[in-house]
Amino acid sequence: MSVRLGDLAERSDCELRGDPDVEVTGVATLARAGPGEISFLANPAYREFLAETRAAAVILAEKDADRCPVSALISDNPYLAYARVAAVLHPQPPFQAGISERATVDSSASVAPSAWIGAGSVIESGAVIGEDSFVGPGCTIGSNAVIGAGCRLVARVTLCGDVTIGDRVLVHPGAVIGADGFGIARDGDRWVKVPQLGSVSIGNDVEIGANTTIDRGAIENTVLESGVKLDNQIQIGHNVRIGEHTVIAGCVGISGSTVIGRRCMIAGASGIGGHIQIADDVILLAASVVTSSISEPGTYGSALMHDEARAWRRNITRFRHLDEMARRLRRVERRLGATDGDKENPNG
Amino acid sequence: MSVRLGDLAERSDCELRGDPDVEVTGVATLARAGPGEISFLANPAYREFLAETRAAAVILAEKDADRCPVSALISDNPYLAYARVAAVLHPQPPFQAGISERATVDSSASVAPSAWIGAGSVIESGAVIGEDSFVGPGCTIGSNAVIGAGCRLVARVTLCGDVTIGDRVLVHPGAVIGADGFGIARDGDRWVKVPQLGSVSIGNDVEIGANTTIDRGAIENTVLESGVKLDNQIQIGHNVRIGEHTVIAGCVGISGSTVIGRRCMIAGASGIGGHIQIADDVILLAASVVTSSISEPGTYGSALMHDEARAWRRNITRFRHLDEMARRLRRVERRLGATDGDKENPNG
Amino acid sequence: MSVRLGDLAERSDCELRGDPDVEVTGVATLARAGPGEISFLANPAYREFLAETRAAAVILAEKDADRCPVSALISDNPYLAYARVAAVLHPQPPFQAGISERATVDSSASVAPSAWIGAGSVIESGAVIGEDSFVGPGCTIGSNAVIGAGCRLVARVTLCGDVTIGDRVLVHPGAVIGADGFGIARDGDRWVKVPQLGSVSIGNDVEIGANTTIDRGAIENTVLESGVKLDNQIQIGHNVRIGEHTVIAGCVGISGSTVIGRRCMIAGASGIGGHIQIADDVILLAASVVTSSISEPGTYGSALMHDEARAWRRNITRFRHLDEMARRLRRVERRLGATDGDKENPNG
């Protein structure tokens with residue numbers, strides 16, 4: 001596809017400095033872009049590549065515009081503008097409507113005329129597939145599941161029975177939505193399964209990564225509000241609720257019945273315990289472990305930094321005696337007499 | 001389904017206080033239950049909802065019975081009684097026996113007449129599917145794999161060749177049982193694959209969560225004993241053995257050749273190293289890292305608590321000097337002369 | 001299969017002490033091996049089983065040969081020699097070439113005459129499957145994906161569009177290669193998807209574990225160089241590059257744009273942040289968290305050891321005051337006058 005630079009500027013809300021009639025055919029990095037390609041500068045780490053770029057144009061902030069040797073699309077948010085430009089230049093290819101001869105669709109299921117059901121997919125009784133939704137190959141859609149309009153299940157996605165997803169939801173391969181939550185009741189030495197009778201309810205404009213799992217509720221539903229974005233290999237326990245526009249990076253686990261607020265950002269490999277509340281606008285740093293509620297917006301962490309193994313081993317060995325060290329320090333302070341430290345550190 | 005309250009009390013071993021002839025049709029939470037629905041109180045956090053509940057009846061402990069405004073089913077273990085009541089009111093729907101026209105079953109495989117093989121599933125040579133077992137859509141069952149009676153492979157489950165599972169085993173979508181273990185031998189700078197010649201042996205009444213993986217053994221088998229319950233996204237390495245009635249929450253990884261005892265409870269996001277032994281009745285708290293054997297029953301942890309980011313950063317920076325702090329503290333104590341602390345802390 | 005001991009010694013580069021004409025039919029552990037079986041001793045923990053073994057022969061190091069009661073195959077690297085012997089005795093069974101009637105292959109795809117496409121697999125337009133490659137049941141191969149020669153996709157593997165893999169690549173069930181990376185741009189309170197326009201490029205002799213996910217690049221490709229070995233449930237973010245012969249154990253997550261060197265060994269459950277560089281020959285210990293670059297070869301760790309819960313709780317509570325403890329220690333040292341400690345600990 002070829003688009004005029006002037007059109008790209010308009011569609012990405014940028015101010016153009018340069019020739020609006022230049023034709024652009026694709027995106028590339030600053031270092032690799034050639035004529036006909038557009039690039040962007042959002043991360044200062046890449047500023048060194050700007051002077052030498054051979055791109056047709058660069059999307060960047062006002063403050064970098066003077067150093068731009070080629071046409072510039074100036075934006076307050078160059079990364080967002082890049083996202084829009086890239087979507088214009090590389091649109092999702094259209095798909096043919098219909099049902100593959102190799103798909104298996106129950107006679108009581110409803111598939112919109114503009115939808116596609118791929119080879120090897122199985123649509124069970126009463127399921128509903130909305131207009132313009134794409135169900136790629138190898139998906140299984142359980143009884144009475146409902147998929148809204150304009151969704152895309154890329155391939156090999158499983159929706160269990162009764163799950164509902166809104167409009168424009170994108171689900172990557174291997175994701176499982178609506179498997180039983182982990183509900184077991186102790187019976188002496190054994191465990192008895194607790195039926196998982198709720199379902200999963202997902203809003204609009206949600207993205208769910210590859211091999212991510214979202215469990216159905218025990219009685220009521222597990223809920224992802226609109227605009228939630230989940231990366232790969234995330235585990236969401238039963239009856240979790242995730243607020244609008246919260247984003248979660250890969251390999252995060254969230255235990256059952258926890259409520260996450262709106263606009264949170266949860267970094268990769270974090271683990272969040274069950275039955276707790278996380279406020280709106282909370283940022284968790286990488287590999288955080290959270291087992292009690294967080295009531296204030298802000299940034300939180302818990303992971304240690306890596307260290308060279310010998311130093312690491314010495315320090316973790318000392319850690320096992322940290323409480324004792326604290327008591328010894330207190331004793332030393334007492335021997336030296338009451339100090340300012342005493343007042344500052346009532347728990348010392 | 002509608003069931004008399006008296007019947008529910010009997011089938012859940014509860015003492016009934018109320019009218020045995022009331023008909024109950026479903027379960028609900030205390031806050032949401034309406035007439036015809038039964039609820040339960042097991043977690044004290046929800047006691048506040050008891051007084052206002054509109055449920056037909058509530059399953060609860062003797063100590064809460066006086067505050068119950070409606071009929072009561074009294075149990076020493078209300079959550080277990082609830083599990084039984086829910087199973088009566090919401091039984092797994094029966095399935096039709098047979099083989100979908102869209103399933104591919106090798107002529108040398110054996111499928112019991114009462115079993116079901118779903119669309120898109122592939123059953124390879126010599127595999128055996130037992131009576132009343134349900135193989136949902138999109139499963140692949142490798143050569144000579146054996147599935148006992150009354151099992152349920154929900155959808156998109158993979159059993160590799162020679163894997164055996166017992167009776168009443170429930171496997172959720174995306175689980176992979178019997179893929180090669182991670183066996184590689186160093187050859188200079190390169191790595192050579194070590195053939196993984198064992199298989200996986202799973203007992204009765206086991207549950208395996210969505211996208212969980214259980215590797216086949218290198219020479220002998222990986223073993224899950226009866227009654228083991230695994231949540232989602234768990235990784236079990238080759239030649240691991242997990243004892244009866246041990247339960248493991250989501251996102252746990254267990255490295256090869258480790259032996260876990262019976263009745264253990266392993267919380268989410270924990271990691272357990274290879275070639276170690278965990279005793280019976282061990283409880284691991286969330287996100288524990290265990291790289292040496294645990295020989296005594298008890299509760300163990302290793303994760304730090306989350307903290308506000310500035311405090312967290314200051315503390316983790318200090319942690320890199322913890323060994324040095326310990327030596328400095330020791331030096332201070334020595335300057336103050338021999339103290340009680342010296343005797344208490346031989347490793348100080 | 002039955003092989004002469006002399007042939008096994010030759011094919012594994014071992015020195016034979018014993019009768020070369022003995023026939024061996026399989027491998028077994030030292031403790032379980034019977035006549036006709038060969039075993040090995042590589043881990044000293046199993047040396048106690050040597051004296052009593054009933055194996056036909058044992059692969060071991062020169063230093064253990066005198067204690068071997070049966071024929072010995074002597075090697076500098078017994079585990080590598082075992083890997084070779086096991087591959088001779090238990091070769092991958094050959095497969096029939098062709099395309100299952102239950103596979104769906106687009107007319108524009110190219111499948112080599114010696115390849116196999118299993119039931120339920122879907123090969124999209126323009127995809128290329130090389131000579132002697134095996135695509136097991138339930139796989140989905142996206143448009144223009146290219147699979148080299150001698151590859152094995154065991155079952156239920158997804159390759160998204162344009163992904164290329166080299167020769168002799170082994171991919172286990174549930175793996176997803178080429179799903180969109182997690183690229184989102186903030187737009188006020190919302191997030192806008194950034195098109196993921198790169199792909200994934202995988203070299204030769206790579207192994208990819210069950211349910212592992214490797215995201216496609218944002219603009220350029222995500223790259224795994226030849227000889228990389230990945231265990232199960234690993235997440236590789238967009239534009240990551242992993243150097244030759246690096247091996248990664250299960251449940252590791254690597255965030256976007258990070259570059260990992262050659263011959264690294266990354267232990268299970270580790271998490272590596274985005275946009276960082278890890279040098280060649282780095283070893284990360286189990287459950288390490290790495291959020292800054294590592295420029296020197298060596299061994300690194302960050303995880304704490306497990307501890308009994310009461311001790312653990314006391315120590316993690318003190319950890320929240322570690323910075324304060326360090327400042328108090330400093331104050332105590334100052335009160336005692338300038339010491340050697342002062343000079344050693346400028347950051348104290």
# chains A, B, ... in the order shown; residues from 1 in each chain; ligands from 1
>>> closest_atom_pairs(of="chain A", to="chain C", cutoff="8 Å", atoms="only C-alpha atoms", output="CSV")
residue,atom,partner,partner_atom,distance
A:Val27,CA,C:Ile219,CA,7.4
A:Ala28,CA,C:Ile219,CA,6.2
A:Thr29,CA,C:Ile219,CA,7.0
A:Tyr79,CA,C:Ala185,CA,6.1
A:Leu80,CA,C:Ala185,CA,5.1
A:Tyr82,CA,C:Val194,CA,7.8
A:Ala83,CA,C:Val194,CA,4.6
A:Arg84,CA,C:Val194,CA,7.6
A:Ala86,CA,C:Pro195,CA,6.3
A:Ala87,CA,C:Pro195,CA,6.1
A:His90,CA,C:Pro195,CA,7.6
A:Arg102,CA,C:Thr104,CA,7.6
A:Ala119,CA,C:Val122,CA,6.8
A:Gly120,CA,C:Gly120,CA,6.1
A:Pro137,CA,C:Thr140,CA,6.8
A:Gly138,CA,C:Gly138,CA,7.1
A:Ala155,CA,C:Thr140,CA,7.3
A:Arg156,CA,C:Thr158,CA,7.7
A:His172,CA,C:Ala179,CA,6.4
A:Pro173,CA,C:Val176,CA,6.6
A:Gly174,CA,C:Gly174,CA,6.8
A:Gly209,CA,C:Phe182,CA,7.9
A:Ala210,CA,C:Ala179,CA,6.6
A:Asn211,CA,C:Asn211,CA,6.9
A:Gly227,CA,C:Arg190,CA,6.9
A:Asp231,CA,C:Phe182,CA,5.8
A:Asn232,CA,C:Gln235,CA,7.2
A:Gln233,CA,C:Gln235,CA,7.2
A:His245,CA,C:Arg190,CA,5.7
A:Ala249,CA,C:Phe182,CA,7.6
A:Gly250,CA,C:Gln235,CA,7.2
A:Cys251,CA,C:Gly253,CA,6.7
A:Arg263,CA,C:Asp189,CA,6.8
A:Gly268,CA,C:Ser255,CA,7.7
A:Ala269,CA,C:Gly271,CA,6.6
A:Ala286,CA,C:Gly273,CA,7.5
A:Ala287,CA,C:Val289,CA,7.2
A:Ala303,CA,C:Val289,CA,7.2
A:Leu304,CA,C:Ser302,CA,6.0
A:Met305,CA,C:Ser302,CA,5.9
A:His306,CA,C:Ser302,CA,4.4
A:Asp307,CA,C:Tyr300,CA,5.4
A:Glu308,CA,C:Tyr300,CA,4.5
A:Ala309,CA,C:Tyr300,CA,4.5
A:Trp312,CA,C:Gly301,CA,6.2
A:Ile316,CA,C:Leu304,CA,5.7
A:Phe319,CA,C:Asn315,CA,7.0
A:Arg320,CA,C:Asn315,CA,6.7
A:His321,CA,C:Asn315,CA,7.1
A:Leu322,CA,C:Asn315,CA,5.4
A:Asp323,CA,C:Asn315,CA,5.1
A:Ala326,CA,C:Met325,CA,7.1
A:Leu329,CA,C:Leu329,CA,7.0
A:Val332,CA,C:Val332,CA,7.8
A:Glu333,CA,C:Val332,CA,6.8
A:Leu336,CA,C:Val332,CA,7.9
A:Gly341,CA,C:Arg328,CA,6.4
A:Gly348,CA,C:Met325,CA,7.8
>>> select_by_dssp(residues="range 46-88 of chain C", states="alpha helix (DSSP H)", output="VMD selection string")
chain C and resid 62 to 65 78 to 88
>>> residues_around(residues="Gly261 in chain A", least_positions_apart="6", cutoff="6 Å", atoms="only C-alpha atoms", output="MDAnalysis selection string")
chainID A and resid 243 278:280
>>> atom_distance(atom1="CA of Ile242 in chain B", atom2="CA of Ala81 in chain B")
27.3 Å
>>> atom_distance(atom1="CA of Gly217 in chain B", atom2="CA of Asp162 in chain B")
11.2 Å
>>> residues_around(residues="Gly148 in chain A", least_positions_apart="2", cutoff="12 Å", atoms="only C-alpha atoms", output="count of residues only")
33
>>> decode(residues="range 264-297 of chain A", atoms="N, CA and C atoms", output="short mmCIF file (atom, residue, chain, number, x, y, z; two decimals), in the first residue's frame")
data_model
loop_
_atom_site.label_atom_id
_atom_site.label_comp_id
_atom_site.auth_asym_id
_atom_site.auth_seq_id
_atom_site.Cartn_x
_atom_site.Cartn_y
_atom_site.Cartn_z
N CYS A 264 -4.34 0.24 35.67
CA CYS A 264 -3.12 -0.27 36.31
C CYS A 264 -2.16 -0.77 35.24
N MET A 265 -0.87 -0.82 35.60
CA MET A 265 0.16 -1.38 34.72
C MET A 265 0.94 -2.40 35.54
N ILE A 266 0.84 -3.64 35.13
CA ILE A 266 1.46 -4.71 35.91
C ILE A 266 2.56 -5.33 35.07
N ALA A 267 3.78 -5.22 35.55
CA ALA A 267 4.93 -5.70 34.77
C ALA A 267 5.05 -7.21 34.84
N GLY A 268 5.88 -7.74 33.95
CA GLY A 268 5.98 -9.17 33.74
C GLY A 268 6.39 -9.95 34.97
N ALA A 269 5.93 -11.21 35.00
CA ALA A 269 6.34 -12.18 36.01
C ALA A 269 5.88 -11.82 37.42
N SER A 270 4.95 -10.88 37.54
CA SER A 270 4.42 -10.57 38.86
C SER A 270 3.40 -11.61 39.29
N GLY A 271 3.24 -11.75 40.61
CA GLY A 271 2.25 -12.67 41.15
C GLY A 271 1.39 -11.94 42.16
N ILE A 272 0.08 -12.07 42.03
CA ILE A 272 -0.84 -11.35 42.91
C ILE A 272 -1.72 -12.38 43.60
N GLY A 273 -1.75 -12.31 44.92
CA GLY A 273 -2.50 -13.28 45.72
C GLY A 273 -4.00 -13.15 45.57
N GLY A 274 -4.72 -14.01 46.24
CA GLY A 274 -6.16 -14.07 46.11
C GLY A 274 -6.90 -13.18 47.10
N HIS A 275 -8.15 -12.84 46.78
CA HIS A 275 -9.04 -12.13 47.70
C HIS A 275 -8.47 -10.78 48.14
N ILE A 276 -7.72 -10.10 47.26
CA ILE A 276 -7.22 -8.77 47.63
C ILE A 276 -7.71 -7.74 46.62
N GLN A 277 -7.50 -6.46 46.98
CA GLN A 277 -7.93 -5.34 46.15
C GLN A 277 -6.71 -4.52 45.76
N ILE A 278 -6.62 -4.20 44.49
CA ILE A 278 -5.57 -3.29 44.01
C ILE A 278 -6.29 -2.05 43.49
N ALA A 279 -5.88 -0.88 43.98
CA ALA A 279 -6.54 0.37 43.62
C ALA A 279 -6.36 0.69 42.13
N ASP A 280 -7.08 1.69 41.66
CA ASP A 280 -6.87 2.22 40.31
C ASP A 280 -5.44 2.80 40.23
N ASP A 281 -4.88 2.84 39.01
CA ASP A 281 -3.63 3.56 38.75
C ASP A 281 -2.45 3.05 39.57
N VAL A 282 -2.43 1.76 39.82
CA VAL A 282 -1.27 1.16 40.49
C VAL A 282 -0.32 0.61 39.43
N ILE A 283 0.97 0.85 39.64
CA ILE A 283 2.01 0.29 38.78
C ILE A 283 2.80 -0.72 39.60
N LEU A 284 2.86 -1.95 39.09
CA LEU A 284 3.70 -2.97 39.74
C LEU A 284 4.94 -3.18 38.88
N LEU A 285 6.10 -3.10 39.50
CA LEU A 285 7.36 -3.33 38.78
C LEU A 285 7.57 -4.83 38.55
N ALA A 286 8.53 -5.14 37.72
CA ALA A 286 8.74 -6.53 37.28
C ALA A 286 8.90 -7.49 38.44
N ALA A 287 8.26 -8.63 38.30
CA ALA A 287 8.41 -9.74 39.23
C ALA A 287 8.00 -9.39 40.65
N SER A 288 7.03 -8.49 40.77
CA SER A 288 6.52 -8.16 42.10
C SER A 288 5.64 -9.29 42.63
N VAL A 289 5.70 -9.49 43.93
CA VAL A 289 4.80 -10.42 44.60
C VAL A 289 3.92 -9.59 45.52
N VAL A 290 2.62 -9.69 45.34
CA VAL A 290 1.68 -8.88 46.12
C VAL A 290 0.69 -9.82 46.78
N THR A 291 0.71 -9.85 48.11
CA THR A 291 -0.21 -10.76 48.81
C THR A 291 -1.11 -10.02 49.78
N SER A 292 -1.08 -8.68 49.75
CA SER A 292 -2.04 -7.91 50.54
C SER A 292 -2.50 -6.75 49.67
N SER A 293 -3.64 -6.18 50.05
CA SER A 293 -4.25 -5.16 49.21
C SER A 293 -3.38 -3.91 49.10
N ILE A 294 -3.54 -3.19 47.99
CA ILE A 294 -2.88 -1.91 47.76
C ILE A 294 -3.98 -0.89 47.57
N SER A 295 -4.08 0.06 48.52
CA SER A 295 -5.23 0.97 48.49
C SER A 295 -4.88 2.32 47.87
N GLU A 296 -3.59 2.59 47.66
CA GLU A 296 -3.20 3.89 47.11
C GLU A 296 -2.57 3.73 45.74
N PRO A 297 -2.93 4.61 44.80
CA PRO A 297 -2.24 4.63 43.51
C PRO A 297 -0.75 4.84 43.75
#
